[in-house]
Every structure is written in structure tokens, then in C-alpha cells.
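Shown below: coords-v9.tsv, with TSV, C-alpha atoms and all ligand atoms.
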chain	number	residue	atom	x	y	z
A	1	MET	CA	0.00	0.00	0.00
A	2	SER	CA	1.38	3.42	-0.83
A	3	TYR	CA	-0.03	6.91	-0.24
A	4	LYS	CA	0.84	10.01	-2.25
A	5	GLN	CA	1.13	11.97	0.94
A	6	THR	CA	0.85	10.96	4.57
A	7	LYS	CA	-1.59	13.31	6.29
A	8	TYR	CA	-0.35	15.23	9.30
A	9	TRP	CA	-2.50	16.40	12.19
A	10	THR	CA	-1.00	18.49	15.00
A	11	VAL	CA	-2.75	18.20	18.35
A	12	ASP	CA	-1.50	20.04	21.43
A	13	LYS	CA	-1.71	17.55	24.27
A	14	GLN	CA	-2.69	20.26	26.78
A	15	VAL	CA	-5.41	21.86	24.67
A	16	ASP	CA	-8.81	20.35	24.01
A	17	ASN	CA	-10.57	22.89	21.79
A	18	LYS	CA	-12.71	22.88	18.63
A	19	GLU	CA	-9.74	22.88	16.29
A	20	SER	CA	-7.99	19.94	17.95
A	21	SER	CA	-11.27	17.99	18.17
A	22	ALA	CA	-11.64	18.35	14.40
A	23	GLN	CA	-8.13	16.96	13.88
A	24	ILE	CA	-8.79	14.01	16.21
A	25	LYS	CA	-12.14	13.34	14.56
A	26	GLU	CA	-10.59	13.19	11.11
A	27	ALA	CA	-7.79	10.85	12.25
A	28	ALA	CA	-10.37	8.60	13.99
A	29	MET	CA	-12.52	8.57	10.86
A	30	TRP	CA	-9.63	7.05	8.87
A	31	ILE	CA	-9.18	4.33	11.49
A	32	THR	CA	-12.87	3.43	11.46
A	33	LYS	CA	-12.70	3.36	7.63
A	34	GLY	CA	-10.05	0.63	7.86
A	35	GLU	CA	-6.89	2.70	7.41
A	36	VAL	CA	-3.74	2.93	9.53
A	37	VAL	CA	-2.90	6.06	11.57
A	38	ALA	CA	0.12	6.73	13.81
A	39	PHE	CA	-0.51	8.43	17.17
A	40	PRO	CA	1.37	9.39	20.34
A	41	THR	CA	1.17	7.44	23.61
A	42	GLU	CA	3.06	8.00	26.86
A	43	THR	CA	5.61	5.32	25.85
A	44	VAL	CA	6.28	5.54	22.09
A	45	TYR	CA	4.21	6.36	18.98
A	46	GLY	CA	1.82	3.58	17.95
A	47	LEU	CA	0.58	2.55	14.50
A	48	GLY	CA	-3.15	2.02	14.92
A	49	ALA	CA	-5.88	0.14	13.07
A	50	ASN	CA	-9.33	-1.20	14.03
A	51	ALA	CA	-8.58	-4.39	16.01
A	52	LEU	CA	-11.84	-5.99	14.88
A	53	ASP	CA	-11.12	-5.51	11.16
A	54	GLU	CA	-8.81	-8.17	9.69
A	55	GLN	CA	-8.04	-6.24	6.48
A	56	ALA	CA	-7.18	-3.08	8.40
A	57	VAL	CA	-4.84	-4.93	10.77
A	58	ARG	CA	-2.99	-6.51	7.86
A	59	LYS	CA	-2.13	-3.03	6.62
A	60	ILE	CA	-0.14	-2.48	9.84
A	61	PHE	CA	2.06	-5.51	9.13
A	62	GLU	CA	2.52	-4.38	5.55
A	63	ALA	CA	3.45	-0.78	6.45
A	64	LYS	CA	6.03	-1.86	9.05
A	65	GLY	CA	7.36	-4.92	7.25
A	66	ARG	CA	6.52	-6.81	10.46
A	67	PRO	CA	6.72	-10.63	10.58
A	68	SER	CA	3.17	-12.00	10.71
A	69	ASP	CA	3.93	-14.26	13.70
A	70	ASN	CA	4.45	-11.23	15.96
A	71	PRO	CA	1.16	-10.28	17.71
A	72	LEU	CA	0.00	-6.70	18.40
A	73	ILE	CA	-1.19	-4.87	21.52
A	74	VAL	CA	-4.84	-3.72	21.53
A	75	HIS	CA	-5.34	-0.19	22.91
A	76	ILE	CA	-8.51	0.87	24.72
A	77	ALA	CA	-9.81	4.12	26.21
A	78	ASP	CA	-12.13	2.59	28.77
A	79	GLN	CA	-12.13	-0.54	30.92
A	80	SER	CA	-15.59	-1.48	29.68
A	81	GLN	CA	-14.03	-2.26	26.27
A	82	LEU	CA	-12.26	-5.26	27.83
A	83	THR	CA	-15.45	-7.32	27.78
A	84	ASP	CA	-15.48	-7.34	23.96
A	85	LEU	CA	-11.89	-8.59	23.82
A	86	VAL	CA	-11.24	-11.09	26.61
A	87	THR	CA	-13.06	-14.10	28.10
A	88	GLU	CA	-12.13	-13.36	31.71
A	89	VAL	CA	-10.23	-10.87	33.84
A	90	PRO	CA	-8.46	-12.77	36.65
A	91	GLU	CA	-8.40	-11.22	40.15
A	92	LEU	CA	-4.69	-10.37	39.98
A	93	ALA	CA	-5.24	-8.55	36.70
A	94	LYS	CA	-8.07	-6.54	38.24
A	95	LYS	CA	-5.67	-5.32	40.94
A	96	LEU	CA	-3.05	-4.39	38.35
A	97	ILE	CA	-5.61	-2.53	36.25
A	98	GLU	CA	-6.73	-0.58	39.28
A	99	HIS	CA	-3.13	0.43	40.08
A	100	PHE	CA	-1.52	0.94	36.69
A	101	TRP	CA	-4.19	1.81	34.09
A	102	PRO	CA	-4.07	4.12	32.31
A	103	GLY	CA	-0.32	3.56	32.04
A	104	PRO	CA	2.60	1.64	30.48
A	105	LEU	CA	1.51	-1.87	31.50
A	106	THR	CA	0.23	-4.32	28.86
A	107	LEU	CA	-1.68	-7.34	30.16
A	108	ILE	CA	-2.24	-10.60	28.30
A	109	PHE	CA	-5.61	-12.36	28.62
A	110	LYS	CA	-7.48	-15.26	27.01
A	111	LYS	CA	-9.07	-13.75	23.92
A	112	LYS	CA	-12.56	-13.59	22.45
A	113	ALA	CA	-13.27	-14.47	18.83
A	114	ALA	CA	-14.14	-10.90	17.78
A	115	VAL	CA	-10.44	-9.92	17.87
A	116	ALA	CA	-9.01	-10.04	14.32
A	117	LYS	CA	-6.85	-13.16	13.83
A	118	SER	CA	-3.73	-11.32	12.71
A	119	VAL	CA	-3.78	-9.13	15.86
A	120	THR	CA	-2.90	-12.17	17.94
A	121	ALA	CA	-0.88	-13.97	15.24
A	122	GLY	CA	-3.10	-17.01	15.74
A	123	LEU	CA	-2.54	-17.25	19.53
A	124	ASP	CA	-5.51	-17.81	21.88
A	125	THR	CA	-4.44	-14.81	24.00
A	126	VAL	CA	-4.61	-11.07	23.40
A	127	ALA	CA	-2.46	-8.23	24.79
A	128	VAL	CA	-4.35	-5.11	25.95
A	129	ARG	CA	-3.34	-1.76	27.35
A	130	MET	CA	-4.87	1.63	28.18
A	131	PRO	CA	-2.42	4.42	27.33
A	132	ASP	CA	-1.93	7.36	29.67
A	133	HIS	CA	-1.76	10.13	27.10
A	134	PRO	CA	-4.48	12.75	26.54
A	135	VAL	CA	-4.18	12.64	22.73
A	136	ALA	CA	-4.25	8.83	22.63
A	137	SER	CA	-7.29	8.72	24.95
A	138	ARG	CA	-9.20	11.25	22.90
A	139	LEU	CA	-8.38	9.45	19.65
A	140	LEU	CA	-9.35	6.05	21.08
A	141	LYS	CA	-12.64	7.46	22.38
A	142	ALA	CA	-13.38	9.03	19.01
A	143	CYS	CA	-12.70	5.71	17.23
A	144	ALA	CA	-15.06	3.84	19.59
A	145	VAL	CA	-13.41	0.58	18.48
A	146	PRO	CA	-10.40	-1.09	20.12
A	147	VAL	CA	-7.23	-0.14	18.24
A	148	ALA	CA	-4.41	-2.60	17.56
A	149	ALA	CA	-1.08	-0.78	17.52
A	150	PRO	CA	2.56	-1.81	17.47
A	151	SER	CA	5.28	0.83	17.72
A	152	ALA	CA	5.17	3.06	14.61
A	153	ASN	CA	8.65	2.27	13.26
A	154	LEU	CA	9.89	0.10	10.42
A	155	SER	CA	10.41	-3.40	11.79
A	156	GLY	CA	13.84	-3.70	13.47
A	157	LYS	CA	14.39	0.07	13.88
A	158	PRO	CA	14.22	1.98	17.18
A	159	SER	CA	10.65	2.81	18.27
A	160	PRO	CA	9.57	6.39	17.48
A	161	THR	CA	9.39	8.95	20.26
A	162	SER	CA	8.35	11.82	17.96
A	163	ALA	CA	6.14	12.30	14.89
A	164	GLU	CA	9.33	13.15	12.99
A	165	HIS	CA	10.68	9.63	13.70
A	166	VAL	CA	7.39	8.15	12.43
A	167	LEU	CA	7.55	10.09	9.16
A	168	HIS	CA	11.20	9.20	8.70
A	169	ASP	CA	10.24	5.50	8.67
A	170	LEU	CA	6.69	5.47	7.30
A	171	ASN	CA	6.06	8.55	5.12
A	172	GLY	CA	3.94	7.42	2.16
A	173	ARG	CA	3.29	4.01	3.76
A	174	ILE	CA	0.41	5.09	6.06
A	175	VAL	CA	-2.59	7.38	5.68
A	176	GLY	CA	-1.62	9.79	8.47
A	177	VAL	CA	0.11	10.68	11.71
A	178	VAL	CA	-1.19	12.62	14.71
A	179	ASP	CA	1.63	14.74	16.10
A	180	GLY	CA	1.22	15.17	19.86
A	181	GLY	CA	4.84	16.08	20.59
A	182	GLN	CA	7.58	14.00	22.23
A	183	THR	CA	6.49	10.92	24.17
A	184	GLY	CA	7.18	10.70	27.92
A	185	VAL	CA	8.53	7.32	29.09
A	186	GLY	CA	10.44	6.77	25.84
A	187	LEU	CA	10.49	2.94	26.13
A	188	GLU	CA	7.60	0.57	25.36
A	189	SER	CA	5.15	-0.74	27.94
A	190	THR	CA	5.88	-3.66	30.24
A	191	VAL	CA	4.22	-6.87	28.93
A	192	LEU	CA	2.84	-9.25	31.59
A	193	ASP	CA	0.96	-12.49	30.85
A	194	CYS	CA	-2.03	-12.76	33.20
A	195	SER	CA	-3.54	-15.77	31.46
A	196	LYS	CA	-1.21	-18.03	33.49
A	197	GLN	CA	-1.68	-19.14	37.12
A	198	VAL	CA	1.37	-17.08	38.13
A	199	PRO	CA	1.81	-14.00	35.91
A	200	VAL	CA	4.90	-14.00	33.66
A	201	LEU	CA	6.89	-10.93	32.65
A	202	TYR	CA	7.66	-11.07	28.91
A	203	ARG	CA	9.03	-7.58	28.29
A	204	PRO	CA	10.43	-5.14	30.87
A	205	GLY	CA	9.19	-1.59	30.32
A	206	GLY	CA	7.67	1.56	31.77
A	207	VAL	CA	6.27	-0.17	34.89
A	208	THR	CA	9.03	-2.03	36.75
A	209	LYS	CA	8.90	-5.61	38.09
A	210	GLU	CA	9.38	-4.20	41.59
A	211	GLU	CA	6.30	-1.97	41.17
A	212	ILE	CA	4.19	-4.90	39.94
A	213	GLU	CA	5.32	-7.17	42.78
A	214	ALA	CA	4.46	-4.51	45.34
A	215	VAL	CA	0.83	-4.90	44.19
A	216	ILE	CA	0.35	-8.64	43.46
A	217	GLY	CA	3.37	-10.39	44.99
A	218	GLU	CA	5.97	-12.39	43.12
A	219	VAL	CA	5.78	-12.75	39.33
A	220	LYS	CA	7.80	-15.08	37.07
A	221	VAL	CA	10.22	-13.71	34.53
A	222	ASP	CA	10.56	-15.25	31.07
A	223	PRO	CA	13.93	-17.12	31.38
A	224	ALA	CA	14.86	-15.83	27.91
A	225	LEU	CA	15.23	-12.34	29.40
A	226	ARG	CA	18.17	-13.64	31.46
A	227	THR	CA	19.62	-16.26	29.10
A	228	PRO	CA	19.68	-15.02	25.51
A	229	ASP	CA	19.99	-18.60	24.14
A	230	GLU	CA	16.56	-19.54	25.51
A	231	ALA	CA	13.52	-19.20	23.17
A	232	PRO	CA	11.36	-16.29	24.41
A	233	MET	CA	7.74	-16.97	25.46
A	234	SER	CA	6.56	-13.84	23.63
A	235	PRO	CA	7.01	-14.02	19.84
A	236	GLY	CA	8.19	-10.41	19.43
A	237	MET	CA	11.10	-10.81	21.83
A	238	LYS	CA	12.98	-13.13	19.49
A	239	TYR	CA	13.67	-10.47	16.86
A	240	THR	CA	16.59	-8.06	16.65
A	241	HIS	CA	15.17	-4.64	17.42
A	242	TYR	CA	15.97	-1.02	18.01
A	243	ALA	CA	19.15	-1.32	15.95
A	244	PRO	CA	20.98	1.58	14.33
A	245	SER	CA	22.63	0.87	10.93
A	246	GLY	CA	26.15	0.83	12.42
A	247	ALA	CA	27.26	-2.23	14.43
A	248	LEU	CA	26.42	-1.61	18.10
A	249	PHE	CA	28.38	-3.25	20.95
A	250	LEU	CA	27.16	-3.13	24.54
A	251	VAL	CA	30.20	-2.71	26.79
A	252	ARG	CA	30.29	-3.54	30.52
A	253	GLU	CA	33.30	-1.43	31.58
A	254	ARG	CA	33.74	2.21	30.61
A	255	GLU	CA	37.54	1.92	30.48
A	256	GLN	CA	37.12	-0.71	27.75
A	257	ILE	CA	35.14	1.74	25.65
A	258	ARG	CA	38.06	4.18	25.64
A	259	GLN	CA	40.37	1.43	24.32
A	260	LEU	CA	37.89	0.13	21.76
A	261	VAL	CA	37.35	3.65	20.42
A	262	LYS	CA	41.11	4.08	19.92
A	263	GLN	CA	41.36	0.75	18.09
A	264	ALA	CA	38.41	1.44	15.79
A	265	LYS	CA	39.72	4.91	14.95
A	266	ALA	CA	43.12	3.45	14.11
A	267	GLU	CA	41.30	1.17	11.66
A	268	GLY	CA	39.80	4.26	10.01
A	269	LYS	CA	36.22	3.70	11.20
A	270	ARG	CA	33.74	6.42	12.12
A	271	VAL	CA	33.12	5.59	15.80
A	272	GLY	CA	30.15	6.46	18.02
A	273	VAL	CA	29.70	6.21	21.78
A	274	LEU	CA	26.38	6.12	23.62
A	275	THR	CA	26.92	7.69	27.01
A	276	THR	CA	25.31	9.89	29.68
A	277	GLU	CA	25.92	13.46	30.87
A	278	GLU	CA	28.18	12.24	33.68
A	279	ASN	CA	30.72	10.67	31.27
A	280	ALA	CA	30.19	12.51	27.98
A	281	THR	CA	33.58	14.23	27.99
A	282	SER	CA	35.63	11.10	28.65
A	283	TYR	CA	35.70	9.65	25.11
A	284	GLU	CA	37.45	10.70	21.92
A	285	ALA	CA	34.89	9.30	19.50
A	286	ASP	CA	33.58	10.89	16.26
A	287	VAL	CA	29.95	10.81	17.38
A	288	ILE	CA	29.10	11.17	21.07
A	289	VAL	CA	25.43	10.67	21.89
A	290	THR	CA	24.45	11.73	25.40
A	291	CYS	CA	21.27	10.12	26.73
A	292	GLY	CA	20.13	11.78	29.92
A	293	ARG	CA	21.72	11.39	33.33
A	294	ARG	CA	22.82	8.06	34.78
A	295	GLU	CA	21.61	9.12	38.24
A	296	ASN	CA	18.09	9.54	36.74
A	297	LEU	CA	17.29	6.46	34.63
A	298	SER	CA	13.95	7.94	33.45
A	299	SER	CA	15.91	10.59	31.60
A	300	VAL	CA	18.02	7.87	29.93
A	301	ALA	CA	14.90	5.93	28.86
A	302	ASN	CA	13.34	9.10	27.53
A	303	ALA	CA	16.33	9.96	25.30
A	304	LEU	CA	17.46	6.45	24.27
A	305	TYR	CA	15.65	5.89	20.95
A	306	ASP	CA	16.29	9.37	19.62
A	307	GLY	CA	19.93	8.77	20.55
A	308	LEU	CA	20.07	5.48	18.64
A	309	ARG	CA	18.57	7.18	15.59
A	310	LEU	CA	21.15	10.00	15.84
A	311	PHE	CA	23.97	7.53	15.10
A	312	ASP	CA	22.38	6.87	11.69
A	313	ARG	CA	22.05	10.57	10.93
A	314	GLU	CA	25.72	11.04	11.86
A	315	GLY	CA	26.87	8.01	9.88
A	316	ALA	CA	28.48	6.07	12.75
A	317	GLU	CA	29.89	2.74	11.46
A	318	ILE	CA	30.67	1.23	14.83
A	319	ILE	CA	29.03	2.15	18.13
A	320	TYR	CA	29.98	1.37	21.74
A	321	ALA	CA	27.22	1.76	24.34
A	322	GLU	CA	27.69	2.08	28.10
A	323	SER	CA	25.88	-0.40	30.37
A	324	PHE	CA	23.32	0.42	33.07
A	325	PRO	CA	22.45	-1.12	36.44
A	326	CYS	CA	20.11	-4.12	36.15
A	327	SER	CA	17.37	-2.96	38.52
A	328	GLY	CA	14.26	-0.77	38.23
A	329	LEU	CA	14.02	0.97	34.85
A	330	GLY	CA	17.63	-0.09	34.18
A	331	ILE	CA	16.33	-3.59	33.33
A	332	ALA	CA	14.24	-2.24	30.44
A	333	ILE	CA	17.07	0.01	29.23
A	334	MET	CA	19.55	-2.90	29.23
A	335	ASN	CA	17.00	-5.17	27.50
A	336	ARG	CA	16.64	-2.67	24.61
A	337	LEU	CA	20.41	-2.16	24.37
A	338	GLU	CA	21.00	-5.93	24.32
A	339	LYS	CA	18.50	-6.23	21.46
A	340	ALA	CA	20.05	-3.29	19.62
A	341	ALA	CA	23.42	-5.02	19.99
A	342	GLY	CA	21.99	-8.28	18.64
A	343	GLY	CA	24.04	-10.20	21.24
A	344	LYS	CA	27.31	-8.28	20.71
A	345	ILE	CA	28.27	-7.79	24.35
A	346	VAL	CA	31.83	-6.96	25.40
B	401	LIG	O1	4.33	0.85	24.69
B	401	LIG	C1	3.92	0.01	23.89
B	401	LIG	O2	3.61	-1.13	24.25
B	401	LIG	C2	3.82	0.42	22.42
B	401	LIG	C3	2.75	1.50	22.29
B	401	LIG	C4	2.46	1.88	20.88
B	401	LIG	O3	1.58	1.09	22.95
B	401	LIG	N1	3.53	-0.71	21.59
B	401	LIG	C5	4.43	-1.69	21.33
B	401	LIG	O4	3.99	-2.67	20.47
B	401	LIG	O5	5.54	-1.70	21.80
B	401	LIG	P1	4.97	-3.72	19.77
B	401	LIG	O6	4.15	-4.38	18.75
B	401	LIG	O7	6.19	-3.03	19.30
B	401	LIG	O8	5.28	-4.76	20.88
B	401	LIG	C6	4.30	-5.68	21.33
B	401	LIG	C7	4.94	-6.81	22.10
B	401	LIG	C8	5.67	-7.76	21.18
B	401	LIG	O9	6.87	-8.18	21.81
B	401	LIG	C9	4.67	-8.92	21.06
B	401	LIG	O10	5.30	-10.14	20.76
B	401	LIG	C10	4.04	-8.93	22.44
B	401	LIG	O11	3.91	-7.57	22.77
B	401	LIG	N2	2.70	-9.56	22.41
B	401	LIG	C11	1.56	-9.06	21.90
B	401	LIG	N3	0.54	-9.93	22.03
B	401	LIG	C12	1.03	-11.01	22.68
B	401	LIG	C13	0.49	-12.26	23.10
B	401	LIG	N4	-0.79	-12.56	22.92
B	401	LIG	N5	1.32	-13.14	23.71
B	401	LIG	C14	2.63	-12.83	23.93
B	401	LIG	N6	3.20	-11.67	23.54
B	401	LIG	C15	2.42	-10.77	22.92
B	402	MG	MG	7.98	-2.52	18.39

Hey, can you dump this file as C-alpha cells for me?
Amino acid sequence: MSYKQTKYWTVDKQVDNKESSAQIKEAAMWITKGEVVAFPTETVYGLGANALDEQAVRKIFEAKGRPSDNPLIVHIADQSQLTDLVTEVPELAKKLIEHFWPGPLTLIFKKKAAVAKSVTAGLDTVAVRMPDHPVASRLLKACAVPVAAPSANLSGKPSPTSAEHVLHDLNGRIVGVVDGGQTGVGLESTVLDCSKQVPVLYRPGGVTKEEIEAVIGEVKVDPALRTPDEAPMSPGMKYTHYAPSGALFLVREREQIRQLVKQAKAEGKRVGVLTTEENATSYEADVIVTCGRRENLSSVANALYDGLRLFDREGAEIIYAESFPCSGLGIAIMNRLEKAAGGKIV
């Protein structure tokens, strides 16, 4: 599918006036007509289509070049929409919904038949979340149907945290994009399977494991998150993701980065380093990308994907990324960097 021009609607997330309602209404109209529209959420931009319309959902896979065995998350504006999508909401899930919705926590349930087959890639479960973003909520309400939406990037690339990132990847491939400014969290939602007796964490994200456990007690973690050789329980986690064009290496020790940079420069390569404000001046690389402050991991998460995209714009051929502590939000940051590195860990 190709479009002469991808439509562009600007909606101020603070302002809910006549003009912005008209923009939202038009974007929602395209979704209900079976087209694909990108929109902001509090995590990353999503690429939305009517989750009950098989043909519409297929257009998402086509636009992104996404493998068809990778299921999508269904986005809702109101808890009452759950009843159309899932057969039951277990007690633990009810508690989580009460605490974390709207917010960056995706829950997996047993699905109902109305959900389009390609949304769930043939699985008997469906992933659902309620975004905490005024523009997303207003768009979802205006659509009145549940909206299936993966991140609005080309498959394999870093998720988009601005409308500019979306257009870079998908201009001419989708009907339109709603620009609601920069996203907040900057990393995707946490994915938790509630269809099992004991919930299982499939993807670390905006809500931390510690925060979840404070509400429902211990949860299991997909072993593949700890041992990369293990097959992941969630289909999407097996793919290389978030990768810049240059080869990215995740490096444990900062001193090693200094040596690796020297070596790569001696070989005539254009070298990049992904670092934080605390250490930005300690490398002699060609491209230094500074992602927030190490002492505030939210700021690192927020800047990470734009940082990864910057290496492409600056033509970095080889990239060394600093490591982060494996607790709290650091777990999600390290998970994305490990994926971006495709297993290249020094
Ligand atoms: O923050 C987010 O979650 C963003 C915004 C747009 O909401 N969306 C997002 O979607 O990150 P996507 O498609 O990039 O990631 C969805 C993840 C994939 O890893 C997929 O395999 C997993 O959720 N998933 C979806 N449905 C599933 C299911 N029924 N069982 C297991 N994993 C599932
Ligand atoms: Mg994605």
C-alpha cells in the first residue's frame, strides 16, 4: 500500500478545543474506515488500526514490514471495552488494572473471537493496554473501536518517540500521523501475561517488576530475558530490534570503551559512543550521543531511541554503548540495548 502523501495532524496535548477535536475526529474517521494512523502514547508512537477488522490490521504488518507471527497490543480508552476482547479478567489482573491503568503496563488475557486473527498472530491470547496520554485517549474514544497498535517504526528500527521519527520511517506508507509532541517514558510498555496461574513478565518496560510485585506479589520472569539462548515466550522478543545501521556493541566497563574507540579509529572507522551526561567528555569518538543522566534512569529511557537514531544521521559505522544497572528501569534500558546489539556484548 502506498499513499501520495501521509496526512499530518497536529494536536496540542494540553489543549482540548474545537480545532484539535476536528483533527482528532478526522484521524479517527480514517481508522474506522479501515486505514492505519500513527498516534502518540506515553511510551512511544503507535501505528493504529481497528482491532476488529482483519483487512485493516494486515495493513499495519505491511506498512512496518513486520513478521506476521508477531502479535500486536490492543489499545482501549475505557475498561468497559475489555469485555469485547477477553473471556475473563483474573483477580490479579483486576488489581493491576486498578493500580496501573491508564499507564505503560500491557496485560495478556485469554481472547474472544471478535479480535481479528492477525492481531494475535493465531494465539488464543490477546495483549491489551490503556495508554496514559491525553491525545491517545481522545483518539481512542473518538474511534469507539479497540485499536491494535505496534510501535510506529519500520520493523527492526528503534521505536519512534516523535512524529518526525514516524515520518522518517513510514512517510507514504500510512494514511496519516497525529503529532502530539515528544512521548514521555520513551520505552515501550511492560508486557505481563495474566492468562497463566502465576503472571509472567515477557518484556520489561515503563512499569518495573518491583512496582508490579508490590501490588500482586511475586511474578515469574521469562527465562529468555536472562539467558539469551533460551527461546522467548513472547514471539516479538525473538527479533533483533531497536538497531541503528552501524554495528552496536554493549560494553560492561567504561575503560574498555576508551580502548575500543582508539582501536576502531586506528582502523579508520567512524566511531560512536552512547553515554550519559556524567561521562560525555571522557571519550574521543567521532559521534558522542548523550542520553540523559545516569543518576536519573527515566531521563536515559526518555532519550534512548532518539539517541540510537542519531547515530544513523551522523553516519556512525561502529558504536559502543555504556551499560546500566540491572534494577528498576535499568532492566528495560539494558534489554533494549542488548536487542540493539543483537548479542554483541563486550
Ligand atoms: O508501549 C507500547 O507497548 C507500544 C505502544 C504503541 O503502545 N507498543 C508496542 O507494540 O511496543 P509492539 O508491537 O512493538 O510490541 C508488542 C509486544 C511484542 O513483543 C509482542 O510479541 C508482544 O507484545 N505480544 C503481543 N501480544 C502477545 C500475546 N498474545 N502473547 C505474547 N506476547 C504478545
Ligand atoms: Mg515494536

Problem - Near-Arg309 of chain A list (7 Å; all atoms listed in the file; drop same-chain fewer than 4 positions) as a VMD selection string - result: chain A and resid 158 244 305 313

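When atom CA of Gly180 of chain A is paired with atom CA of Leu140 of chain A, their separation reads 14.0 Å.
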
Can you list, as a tab-separated table (two decimals) with C-alpha atoms, in the coordinates of the input, every protein, DNA or RNA residue that comes within 9 Å of Lys25 of chain A when you count all atoms listed in the file, leaving out same-chain residues fewer than 5 positions away?
chain	number	residue	atom	x	y	z
A	20	SER	CA	-7.99	19.94	17.95
A	30	TRP	CA	-9.63	7.05	8.87
A	139	LEU	CA	-8.38	9.45	19.65
A	142	ALA	CA	-13.38	9.03	19.01
A	143	CYS	CA	-12.70	5.71	17.23

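Based on only C-alpha atoms and all ligand atoms, the protein and nucleic acid residues found within 7 Å of ligand MG 402 (chain B) are, by chain and then by number, Pro150, Ser151 and Ser159 of chain A.
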
Would you save the residues of that selection, restricted to C-alpha atoms, as an mmCIF file, in the coordinates of the input?
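Listing of selection-v7.cif after writing:
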data_model
loop_
_atom_site.group_PDB
_atom_site.id
_atom_site.type_symbol
_atom_site.label_atom_id
_atom_site.label_comp_id
_atom_site.auth_asym_id
_atom_site.auth_seq_id
_atom_site.Cartn_x
_atom_site.Cartn_y
_atom_site.Cartn_z
ATOM 1 C CA PRO A 150 2.560 -1.810 17.470
ATOM 2 C CA SER A 151 5.280 0.830 17.720
ATOM 3 C CA SER A 159 10.650 2.810 18.270
#

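The closest residue to ligand LIG 401 (chain B), picked from A:Trp101, A:Glu35, A:Val115, A:Thr120 and counting all atoms listed in the file, is A:Thr120.
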
Problem - Protein and nucleic acid residues within 6 Å of ligand LIG 401 (chain B) (only C-alpha atoms and all ligand atoms) as a list in words - result: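 So, counting only C-alpha atoms and all ligand atoms, the residues near ligand LIG 401 (chain B) are Thr43, Val44, Tyr45, Gly46, Asn70, Pro71, Leu72, Ile73, Ile108, Thr120, Thr125, Val126, Ala127, Ala149, Pro150, Ser151, Glu188, Ser189, Ser234, Pro235, Gly236 and Met237 of chain A.
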
Completion exercise
Among A:Val289, A:Leu82, A:Glu26, A:Ser195, Ala303 of chain A is approached most closely, using all atoms listed in the file, by A:Val289

Practice task
Would you kindly identify which residues have an atom no farther than 7 Å from (41.4, 6.6, 25.6), using only C-alpha atoms and the file's own coordinates, and write them out as a ChimeraX atom specification?
Solution key: /A:258-259,262,283-284

Fill in the blank from the handout: For Gly172 of chain A, the closest of A:Met1, A:Gly292, A:Lys269, A:Val300 counting all atoms listed in the file is A:Met1

Problem - Nearest residue to Lys95 of chain A from the set A:Arg270, A:Gln5, A:Thr10, A:Glu213 (distances using only C-alpha atoms) - result: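 Answer, going by the shortest atom-to-atom distance: A:Glu213.
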
Problem - Among the residues A:Leu123, A:Leu201, A:Ala49, A:Val145, the one that comes closest to Thr106 of chain A [using all atoms listed in the file] - result: A:Leu201

Problem - Proximity to Val89 of chain A - best of A:Gln55, A:Val128, A:Lys18, A:Ala214, only C-alpha atoms - result: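 Answer, going by the shortest atom-to-atom distance: A:Val128.
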
Fill in the blank from the handout: Taken to one decimal, the atom CA of Ala63 of chain A-atom CA of Val191 of chain A distance is 23.3 Å

Completion exercise
Students should find that atom CA of Val219 of chain A and atom CA of Val198 of chain A are spaced 6.3 Å

Exercise for the section: Would you list the contacts of segment 329-333 of chain A as an MDAnalysis selection string, taking every protein, DNA or RNA residue within 12 Å and counting all atoms listed in the file, but skipping same-chain residues closer than 2 positions in sequence? Expected result: chainID A and resid 185:191 201:211 221 225:226 242 250 291 294:305 321:327 335:340

Extending 8 Å beyond the listed atoms of segment 131-134 of chain A on each side, what axis-aligned box results? I want centre and edge lengths in Å to one decimal, as lines of an AutoDock Vina configuration file.
center_x = -3.1
center_y = 8.6
center_z = 28.1
size_x = 18.7
size_y = 24.3
size_z = 19.1

Problem - Distance query Val147 of chain A at most 6 Å, only C-alpha atoms, self and fewer than 2 positions along chain excluded, as JSON, numbers by chain - result: {"A": [48, 49, 50, 51, 74, 75]}

Handout entry: Spatial neighbours of Ala22 of chain A, 10 Å, all atoms listed in the file, chain gap at least 5 places, as a list in words
Key = Trp9, Val11, Asn17, Ala27 and Ala28 of chain A
